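Here is the structure we will look at, set down as structure tokens.
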Protein chains: 2
Amino acid sequence: MKLRRLPQQERGERRVTTLLDAAAAVIAETGYDAATMSEIAARAGASIGSLYQFFPNKQSITQALRAQYGREFQELWSPLESTAASLTIEQLVSRLIDDTVQLMERHPALLPLMDAPCSTRNPPIRKLLRQHIARGLRAKKPSLSEVVAARLATVTLQTMRGVRELYREFETRERRALIQEYKLMLVCYLTYQLET
Amino acid sequence: MKLRRLPQQERGERRVTTLLDAAAAVIAETGYDAATMSEIAARAGASIGSLYQFFPNKQSITQALRAQYGREFQELWSPLESTAASLTIEQLVSRLIDDTVQLMERHPALLPLMDAPCSTRNPPIRKLLRQHIARGLRAKKPSLSEVVAARLATVTLQTMRGVRELYREFETRERRALIQEYKLMLVCYLTYQLET
DNA sequence: TACATATGTGAGCTTTCGCTCATATTTAAA
DNA sequence: TTTAAATATGAGCGAAAGCTCACATATGTA
């Protein structure tokens with residue numbers, strides 16, 4: 001999380017979570033670039049000085065948010081590696097997409113944060129997710145080479161990014177229909193790739 | 001294109017194209033937000049004043065570039081509506097993806113420009129492309145309802161956006177392999193949707 | 001050559017942003 | 001109660017961005 005100073009009192013911890021919530025809200029509304037530090041502080045009911053007390057710069061905020069979201073994905077998907085073998089492809093795809101949709105609705109900042117700048121030390125969430133998916137796929141079909149599994153995972157993940165973009169452009173109703181189409185596409189593709 | 005003043009001499013037209021080329025280069029390298037007007041002018045060997053002589057603001061540059069790229073897509077795909085019926089699904093998919101790849105390589109600014117802000121008067125290229133794809137699909141299978149065709153086109157287009165993202169992350173070799181996977185996925189999906 | 005118009009120039013205005021710092025207040029331990 | 005550390009504050013600094021404007025030069029026409 002890389003805070004400038006670790007909160008040492010309960011008050012400090014409350015501030016940090018309040019600030020992160022505010023940051024997520026502002027980023028969700030305006031995007032990363034347009035989100036300003038002053039607006040984040042104001043939204044949290046704090047002063048700019050207070051914000052910089054804990055976060056040394058703007059990037060450190062996105063790092064913290066990304067780390068949090070990454071952990072939540074990991075919690076959802078780490079069981080998948082052991083259970084994927086017993087799932088049908090439909091179930092696997094449904095699970096992947098539904099979980100993504102769920103996290104995106106819980107964290108509207110996730111979408112803009114995927115495009116925000118990332119230091120090389122703090123790799124994007126994407127890489128983590130790709131690993132999980134690749135392992136899930138190999139659990140389902142162990143004869144897949146690592147290279148091929150990584151490729152399938154990349155395509156699968158990028159397709160799920162496509163789902164994300166729907167949130168920019170479509171309302172709930174049409175979005176549901178489109179999500180169904182995405183599931184179908186992935187099922188078609190993975191069935192072809194895993195069952196031959 | 002909405003220029004502040006239309007170029008009236010050959011000199012002016014040269015300036016405009018030079019400026020647009022420079023803008024595309026800078027945007028390709030740094031992204032839209034980080035691309036500055038001064039850098040664009042400098043890259044074109046012009047002064048800032050000269051830049052503002054023709055382009056009233058930063059957005060007008062992206063509008064001009066987007067319009068240009070939109071026209072090129074249109075040129076490539078407008079014949080598709082009449083010929084799609086006689087193509088196999090493999091051929092259609094190959095055509096769509098290869099054309100996209102080709103334009104992306106010719107115009108490296110296309111990728112960052114897709115995410116750049118767009119006024120409501122100047123709709124993103126995406127909408128144009130979606131229409132073309134939807135018409136192509138209906139040409140291939142006239143029994144498709146407009147709504148369903150639009151949905152398939154959306155999913156197809158978003159998949160092609162996925163291809164675009166590969167350029168951020170992968171080198172030529174792996175990219176080629178991944179593009180093949182994308183084609184396969186679209187073929188699987190469209191075969192399922194168009195032939196049943 | 002003379003004149004109007006098109007194009008070119010860059011110092012600098014205005015605004016906004018990320019961020020610092022001197023200082024004030026709250027908290028917890030001694 | 002005293003005291004040191006933790007937390008809070010916001011005026012303001014420096015940098016960089018978009019953009020203007022008064023003026024200089026180039027070009028076409030008569």
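Each chain of the structure tokens is named A, B, ... in the order shown, its residues numbered from 1; ligands are numbered from 1 in display order.
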Could you work out which residues of chain A fall inside 8 Å of chain D? Count only C-alpha atoms (C1' of nucleotides), and format the result as a VMD selection string. chain A and resid 8 to 9 12 47 to 50
Write out as CSV a residue-level contact list of chain C versus chain A with cut-off 8 Å: for each qualifying residue the closest pair of atoms and the distance in Å to one decimal, counting only C-alpha atoms (C1' of nucleotides), rows sorted by chain and residue number upward.
```
residue,atom,partner,partner_atom,distance
C:DC17,C1',A:Thr36,CA,7.4
C:DG18,C1',A:Met37,CA,7.5
C:DC19,C1',A:Asn57,CA,7.9
```
Restricting it to all heavy atoms, dump the selection as a short mmCIF file (atom, residue, chain, number, x, y, z; two decimals), in the first residue's frame.
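Full text of result.cif as output:
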```cif
data_model
loop_
_atom_site.label_atom_id
_atom_site.label_comp_id
_atom_site.auth_asym_id
_atom_site.auth_seq_id
_atom_site.Cartn_x
_atom_site.Cartn_y
_atom_site.Cartn_z
P DC C 17 -7.72 21.17 -11.28
OP1 DC C 17 -8.85 20.43 -11.84
OP2 DC C 17 -7.89 21.96 -10.03
"O5'" DC C 17 -6.50 20.19 -11.09
"C5'" DC C 17 -5.67 19.89 -12.23
"C4'" DC C 17 -4.25 19.69 -11.77
"O4'" DC C 17 -3.64 20.99 -11.56
"C3'" DC C 17 -4.14 18.99 -10.42
"O3'" DC C 17 -3.73 17.65 -10.59
"C2'" DC C 17 -3.11 19.79 -9.65
"C1'" DC C 17 -2.63 20.86 -10.59
N1 DC C 17 -2.48 22.18 -9.90
C2 DC C 17 -1.21 22.74 -9.75
O2 DC C 17 -0.23 22.12 -10.18
N3 DC C 17 -1.09 23.93 -9.12
C4 DC C 17 -2.17 24.56 -8.66
N4 DC C 17 -2.01 25.73 -8.06
C5 DC C 17 -3.48 24.01 -8.82
C6 DC C 17 -3.59 22.83 -9.43
P DG C 18 -3.86 16.65 -9.31
OP1 DG C 18 -4.31 15.36 -9.86
OP2 DG C 18 -4.63 17.30 -8.24
"O5'" DG C 18 -2.37 16.49 -8.81
"C5'" DG C 18 -1.32 16.24 -9.73
"C4'" DG C 18 -0.01 16.57 -9.07
"O4'" DG C 18 0.02 17.99 -8.79
"C3'" DG C 18 0.21 15.88 -7.73
"O3'" DG C 18 1.55 15.39 -7.68
"C2'" DG C 18 -0.06 16.97 -6.70
"C1'" DG C 18 0.37 18.23 -7.45
N9 DG C 18 -0.33 19.43 -7.01
C8 DG C 18 -1.68 19.58 -6.87
N7 DG C 18 -2.02 20.77 -6.44
C5 DG C 18 -0.82 21.44 -6.29
C6 DG C 18 -0.57 22.76 -5.85
O6 DG C 18 -1.37 23.63 -5.50
N1 DG C 18 0.80 23.05 -5.84
C2 DG C 18 1.78 22.17 -6.21
N2 DG C 18 3.03 22.62 -6.13
N3 DG C 18 1.55 20.93 -6.62
C4 DG C 18 0.23 20.63 -6.64
P DC C 19 1.96 14.42 -6.47
OP1 DC C 19 3.13 13.62 -6.85
OP2 DC C 19 0.73 13.76 -5.97
"O5'" DC C 19 2.45 15.49 -5.40
"C5'" DC C 19 3.48 16.42 -5.78
"C4'" DC C 19 3.65 17.47 -4.72
"O4'" DC C 19 2.51 18.36 -4.72
"C3'" DC C 19 3.77 16.98 -3.28
"O3'" DC C 19 5.13 17.08 -2.89
"C2'" DC C 19 2.87 17.91 -2.46
"C1'" DC C 19 2.49 19.00 -3.46
N1 DC C 19 1.15 19.61 -3.27
C2 DC C 19 1.07 20.95 -2.88
O2 DC C 19 2.10 21.59 -2.70
N3 DC C 19 -0.16 21.52 -2.72
C4 DC C 19 -1.26 20.79 -2.94
N4 DC C 19 -2.45 21.40 -2.77
C5 DC C 19 -1.21 19.42 -3.32
C6 DC C 19 0.01 18.87 -3.48
#
```
Exercise answer, chain A residues close to chain B, 12 Å and only C-alpha atoms, as a JSON list (two decimals) with N, CA and C atoms, in the first residue's frame:
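Output file result-v7.json follows:
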```json
[["chain", "number", "residue", "atom", "x", "y", "z"],
["A", 30, "THR", "N", -14.97, 10.71, -12.58],
["A", 30, "THR", "CA", -14.28, 11.60, -13.52],
["A", 30, "THR", "C", -13.15, 10.94, -14.28],
["A", 31, "GLY", "N", -12.77, 9.73, -13.89],
["A", 31, "GLY", "CA", -11.59, 9.10, -14.50],
["A", 31, "GLY", "C", -10.34, 9.47, -13.72],
["A", 32, "TYR", "N", -9.26, 8.76, -13.96],
["A", 32, "TYR", "CA", -8.06, 8.97, -13.16],
["A", 32, "TYR", "C", -7.43, 10.34, -13.40],
["A", 33, "ASP", "N", -7.25, 10.70, -14.64],
["A", 33, "ASP", "CA", -6.54, 11.95, -14.93],
["A", 33, "ASP", "C", -7.27, 13.15, -14.37],
["A", 34, "ALA", "N", -8.58, 13.17, -14.54],
["A", 34, "ALA", "CA", -9.35, 14.34, -14.13],
["A", 34, "ALA", "C", -9.60, 14.36, -12.63],
["A", 112, "PRO", "N", -12.04, 2.68, -14.62],
["A", 112, "PRO", "CA", -11.02, 3.68, -14.96],
["A", 112, "PRO", "C", -9.63, 3.32, -14.45],
["A", 115, "ASP", "N", -6.95, 1.52, -16.71],
["A", 115, "ASP", "CA", -6.19, 2.27, -17.70],
["A", 115, "ASP", "C", -5.22, 3.26, -17.07],
["A", 116, "ALA", "N", -5.35, 3.49, -15.78],
["A", 116, "ALA", "CA", -4.49, 4.47, -15.12],
["A", 116, "ALA", "C", -3.04, 3.99, -15.15],
["A", 117, "PRO", "N", -2.13, 4.95, -15.10],
["A", 117, "PRO", "CA", -0.70, 4.60, -15.13],
["A", 117, "PRO", "C", -0.33, 3.71, -13.94],
["A", 124, "PRO", "N", -0.12, -4.31, -13.23],
["A", 124, "PRO", "CA", -1.57, -4.18, -13.31],
["A", 124, "PRO", "C", -2.26, -5.45, -12.83],
["A", 126, "ARG", "N", -4.38, -7.08, -14.20],
["A", 126, "ARG", "CA", -4.52, -7.99, -15.33],
["A", 126, "ARG", "C", -3.63, -9.23, -15.23],
["A", 127, "LYS", "N", -2.37, -8.99, -14.92],
["A", 127, "LYS", "CA", -1.42, -10.11, -14.93],
["A", 127, "LYS", "C", -1.80, -11.17, -13.90],
["A", 147, "VAL", "N", 2.17, -22.40, -22.57],
["A", 147, "VAL", "CA", 2.08, -21.31, -23.54],
["A", 147, "VAL", "C", 0.67, -21.17, -24.07],
["A", 148, "VAL", "N", 0.09, -22.29, -24.46],
["A", 148, "VAL", "CA", -1.25, -22.23, -25.02],
["A", 148, "VAL", "C", -2.26, -21.81, -23.95],
["A", 149, "ALA", "N", -2.10, -22.33, -22.76],
["A", 149, "ALA", "CA", -3.01, -21.94, -21.68],
["A", 149, "ALA", "C", -2.93, -20.44, -21.43],
["A", 150, "ALA", "N", -1.72, -19.90, -21.46],
["A", 150, "ALA", "CA", -1.55, -18.47, -21.25],
["A", 150, "ALA", "C", -2.25, -17.69, -22.35],
["A", 151, "ARG", "N", -2.17, -18.22, -23.56],
["A", 151, "ARG", "CA", -2.83, -17.54, -24.68],
["A", 151, "ARG", "C", -4.34, -17.56, -24.52],
["A", 152, "LEU", "N", -4.86, -18.73, -24.20],
["A", 152, "LEU", "CA", -6.31, -18.82, -24.01],
["A", 152, "LEU", "C", -6.73, -17.88, -22.88],
["A", 153, "ALA", "N", -5.93, -17.83, -21.84],
["A", 153, "ALA", "CA", -6.27, -16.97, -20.71],
["A", 153, "ALA", "C", -6.26, -15.51, -21.14],
["A", 154, "THR", "N", -5.29, -15.15, -21.96],
["A", 154, "THR", "CA", -5.23, -13.77, -22.44],
["A", 154, "THR", "C", -6.49, -13.42, -23.22],
["A", 155, "VAL", "N", -6.84, -14.28, -24.14],
["A", 155, "VAL", "CA", -8.03, -14.01, -24.94],
["A", 155, "VAL", "C", -9.27, -13.96, -24.04],
["A", 156, "THR", "N", -9.35, -14.88, -23.11],
["A", 156, "THR", "CA", -10.50, -14.89, -22.21],
["A", 156, "THR", "C", -10.56, -13.60, -21.40],
["A", 157, "LEU", "N", -9.43, -13.21, -20.87],
["A", 157, "LEU", "CA", -9.39, -12.01, -20.04],
["A", 157, "LEU", "C", -9.72, -10.76, -20.86],
["A", 158, "GLN", "N", -9.18, -10.69, -22.05],
["A", 158, "GLN", "CA", -9.46, -9.52, -22.88],
["A", 158, "GLN", "C", -10.95, -9.47, -23.20],
["A", 159, "THR", "N", -11.54, -10.64, -23.37],
["A", 159, "THR", "CA", -12.97, -10.67, -23.64],
["A", 159, "THR", "C", -13.73, -10.12, -22.44],
["A", 160, "MET", "N", -13.24, -10.45, -21.26],
["A", 160, "MET", "CA", -13.90, -9.94, -20.06],
["A", 160, "MET", "C", -13.68, -8.45, -19.92],
["A", 161, "ARG", "N", -12.56, -7.97, -20.44],
["A", 161, "ARG", "CA", -12.38, -6.51, -20.47],
["A", 161, "ARG", "C", -13.45, -5.90, -21.36],
["A", 162, "GLY", "N", -13.77, -6.63, -22.42],
["A", 162, "GLY", "CA", -14.84, -6.16, -23.29],
["A", 162, "GLY", "C", -16.13, -5.98, -22.51],
["A", 163, "VAL", "N", -16.41, -6.92, -21.63],
["A", 163, "VAL", "CA", -17.59, -6.80, -20.78],
["A", 163, "VAL", "C", -17.54, -5.49, -20.01],
["A", 164, "ARG", "N", -16.39, -5.18, -19.47],
["A", 164, "ARG", "CA", -16.22, -3.96, -18.70],
["A", 164, "ARG", "C", -16.63, -2.73, -19.50],
["A", 165, "GLU", "N", -16.15, -2.71, -20.75],
["A", 165, "GLU", "CA", -16.41, -1.51, -21.55],
["A", 165, "GLU", "C", -17.90, -1.29, -21.75],
["A", 166, "LEU", "N", -18.66, -2.36, -21.69],
["A", 166, "LEU", "CA", -20.10, -2.20, -21.87],
["A", 166, "LEU", "C", -20.68, -1.22, -20.86],
["A", 168, "ARG", "N", -19.57, 1.51, -19.98],
["A", 168, "ARG", "CA", -19.44, 2.88, -20.42],
["A", 168, "ARG", "C", -20.62, 3.28, -21.30],
["A", 169, "GLU", "N", -21.12, 2.31, -22.03],
["A", 169, "GLU", "CA", -21.95, 2.69, -23.17],
["A", 169, "GLU", "C", -23.40, 2.24, -23.09],
["A", 170, "PHE", "N", -23.66, 1.18, -22.30],
["A", 170, "PHE", "CA", -25.01, 0.63, -22.35],
["A", 170, "PHE", "C", -25.71, 0.65, -21.00],
["A", 174, "GLU", "N", -29.84, -3.64, -21.85],
["A", 174, "GLU", "CA", -29.07, -4.09, -23.01],
["A", 174, "GLU", "C", -27.76, -4.73, -22.58],
["A", 175, "ARG", "N", -27.22, -4.24, -21.49],
["A", 175, "ARG", "CA", -25.96, -4.79, -20.99],
["A", 175, "ARG", "C", -26.13, -6.26, -20.65],
["A", 176, "ARG", "N", -27.23, -6.59, -20.02],
["A", 176, "ARG", "CA", -27.49, -8.00, -19.67],
["A", 176, "ARG", "C", -27.47, -8.87, -20.91],
["A", 177, "ALA", "N", -28.16, -8.39, -21.93],
["A", 177, "ALA", "CA", -28.23, -9.17, -23.17],
["A", 177, "ALA", "C", -26.83, -9.35, -23.75],
["A", 178, "LEU", "N", -26.05, -8.29, -23.70],
["A", 178, "LEU", "CA", -24.71, -8.36, -24.29],
["A", 178, "LEU", "C", -23.81, -9.27, -23.47],
["A", 179, "ILE", "N", -23.98, -9.26, -22.17],
["A", 179, "ILE", "CA", -23.18, -10.15, -21.33],
["A", 179, "ILE", "C", -23.48, -11.61, -21.67],
["A", 180, "GLN", "N", -24.74, -11.89, -21.96],
["A", 180, "GLN", "CA", -25.08, -13.24, -22.39],
["A", 180, "GLN", "C", -24.34, -13.62, -23.67],
["A", 181, "GLU", "N", -24.25, -12.66, -24.57],
["A", 181, "GLU", "CA", -23.54, -12.92, -25.83],
["A", 181, "GLU", "C", -22.07, -13.22, -25.56],
["A", 182, "TYR", "N", -21.49, -12.45, -24.66],
["A", 182, "TYR", "CA", -20.08, -12.69, -24.33],
["A", 182, "TYR", "C", -19.89, -14.08, -23.76],
["A", 183, "LYS", "N", -20.78, -14.48, -22.88],
["A", 183, "LYS", "CA", -20.66, -15.82, -22.30],
["A", 183, "LYS", "C", -20.71, -16.86, -23.41],
["A", 184, "LEU", "N", -21.67, -16.65, -24.31],
["A", 184, "LEU", "CA", -21.83, -17.60, -25.39],
["A", 184, "LEU", "C", -20.56, -17.68, -26.23],
["A", 185, "MET", "N", -20.01, -16.53, -26.51],
["A", 185, "MET", "CA", -18.80, -16.52, -27.34],
["A", 185, "MET", "C", -17.68, -17.27, -26.65],
["A", 186, "LEU", "N", -17.49, -17.01, -25.39],
["A", 186, "LEU", "CA", -16.41, -17.70, -24.67],
["A", 186, "LEU", "C", -16.67, -19.19, -24.60],
["A", 187, "VAL", "N", -17.93, -19.56, -24.40],
["A", 187, "VAL", "CA", -18.25, -20.98, -24.34],
["A", 187, "VAL", "C", -17.93, -21.65, -25.67],
["A", 188, "CYS", "N", -18.35, -21.02, -26.75],
["A", 188, "CYS", "CA", -18.08, -21.57, -28.08],
["A", 188, "CYS", "C", -16.58, -21.79, -28.25],
["A", 189, "TYR", "N", -15.85, -20.75, -27.92],
["A", 189, "TYR", "CA", -14.40, -20.76, -28.15],
["A", 189, "TYR", "C", -13.72, -21.79, -27.25],
["A", 190, "LEU", "N", -14.02, -21.74, -25.99],
["A", 190, "LEU", "CA", -13.32, -22.64, -25.06],
["A", 190, "LEU", "C", -13.73, -24.09, -25.29],
["A", 191, "THR", "N", -14.98, -24.31, -25.67],
["A", 191, "THR", "CA", -15.40, -25.67, -25.98],
["A", 191, "THR", "C", -14.55, -26.20, -27.13],
["A", 192, "TYR", "N", -14.44, -25.38, -28.14],
["A", 192, "TYR", "CA", -13.64, -25.77, -29.29],
["A", 192, "TYR", "C", -12.20, -26.07, -28.88],
["A", 193, "GLN", "N", -11.65, -25.21, -28.05],
["A", 193, "GLN", "CA", -10.23, -25.34, -27.70],
["A", 193, "GLN", "C", -9.95, -26.42, -26.68]]
```
Write out as a list in words the residues lying within 10 Å of Phe54 of chain B, counting only C-alpha atoms (C1' of nucleotides) and excluding same-chain residues fewer than 6 positions away.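 Once the adjacent positions are removed, what remains is Lys2, Leu3, Arg4, Arg5, Leu6, Pro7, Gly12, Glu13, Arg15, Val16, Leu19, Ser60 and Ile61 of chain B.
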12 Å contact set for Pro123 of chain B, only C-alpha atoms (C1' of nucleotides), chain neighbours under 3 positions out, as a CSV table (one decimal) with N, CA, C and O atoms, in the first residue's frame:
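Output file around-v4.csv is given in full below:
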```
chain,number,residue,atom,x,y,z
B,62,THR,N,-8.1,16.2,-32.2
B,62,THR,CA,-8.5,14.8,-32.2
B,62,THR,C,-9.7,14.6,-33.1
B,62,THR,O,-9.8,13.5,-33.7
B,63,GLN,N,-10.6,15.6,-33.2
B,63,GLN,CA,-11.7,15.5,-34.1
B,63,GLN,C,-11.2,15.3,-35.5
B,63,GLN,O,-11.7,14.4,-36.2
B,66,ARG,N,-9.7,11.8,-35.9
B,66,ARG,CA,-10.7,10.8,-35.8
B,66,ARG,C,-11.5,10.8,-37.1
B,66,ARG,O,-11.8,9.7,-37.7
B,67,ALA,N,-11.8,11.9,-37.6
B,67,ALA,CA,-12.5,12.0,-38.9
B,67,ALA,C,-11.8,11.3,-40.0
B,67,ALA,O,-12.3,10.5,-40.8
B,70,GLY,N,-11.8,7.6,-39.5
B,70,GLY,CA,-13.1,7.1,-39.7
B,70,GLY,C,-13.4,6.9,-41.2
B,70,GLY,O,-13.9,5.9,-41.7
B,114,MET,N,-9.0,6.3,-29.3
B,114,MET,CA,-10.3,5.7,-29.1
B,114,MET,C,-10.8,6.0,-27.7
B,114,MET,O,-12.0,6.0,-27.4
B,116,ALA,N,-9.8,8.9,-26.0
B,116,ALA,CA,-9.8,10.3,-25.8
B,116,ALA,C,-11.2,10.8,-25.8
B,116,ALA,O,-12.1,10.3,-26.3
B,117,PRO,N,-11.4,12.0,-25.1
B,117,PRO,CA,-12.7,12.6,-25.0
B,117,PRO,C,-13.3,12.9,-26.3
B,117,PRO,O,-12.6,13.3,-27.2
B,118,CYS,N,-14.6,12.8,-26.4
B,118,CYS,CA,-15.3,13.1,-27.7
B,118,CYS,C,-16.5,13.9,-27.4
B,118,CYS,O,-17.3,13.5,-26.6
B,119,SER,N,-16.7,15.0,-28.1
B,119,SER,CA,-17.9,15.7,-27.9
B,119,SER,C,-19.1,14.9,-28.4
B,119,SER,O,-18.9,14.0,-29.2
B,120,THR,N,-20.3,15.2,-28.0
B,120,THR,CA,-21.5,14.4,-28.4
B,120,THR,C,-21.8,14.7,-29.9
B,120,THR,O,-22.4,13.8,-30.6
B,126,ARG,N,-16.2,4.2,-33.2
B,126,ARG,CA,-16.9,3.0,-32.8
B,126,ARG,C,-18.3,2.8,-33.4
B,126,ARG,O,-18.6,1.8,-34.1
B,127,LYS,N,-19.1,3.9,-33.3
B,127,LYS,CA,-20.5,3.8,-33.7
B,127,LYS,C,-20.6,3.5,-35.2
B,127,LYS,O,-21.4,2.7,-35.7
B,128,LEU,N,-19.7,4.2,-35.9
B,128,LEU,CA,-19.7,4.1,-37.4
B,128,LEU,C,-19.3,2.6,-37.7
B,128,LEU,O,-20.0,2.0,-38.5
B,129,LEU,N,-18.3,2.1,-37.1
B,129,LEU,CA,-17.8,0.8,-37.4
B,129,LEU,C,-18.9,-0.3,-37.1
B,129,LEU,O,-19.1,-1.2,-37.8
```
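Atom CA of Lys141 of chain B to atom CA of Val93 of chain B spans 14.6 Å [interatomic distance, one decimal].
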If you run DSSP over the backbone, which residues in chain B end up alpha helix (DSSP H)? Put them as an NGL selection string. :B and (10-30 or 37-43 or 48-54 or 58-77 or 80-83 or 89-106 or 110-115 or 125-140 or 146-169 or 172-194)
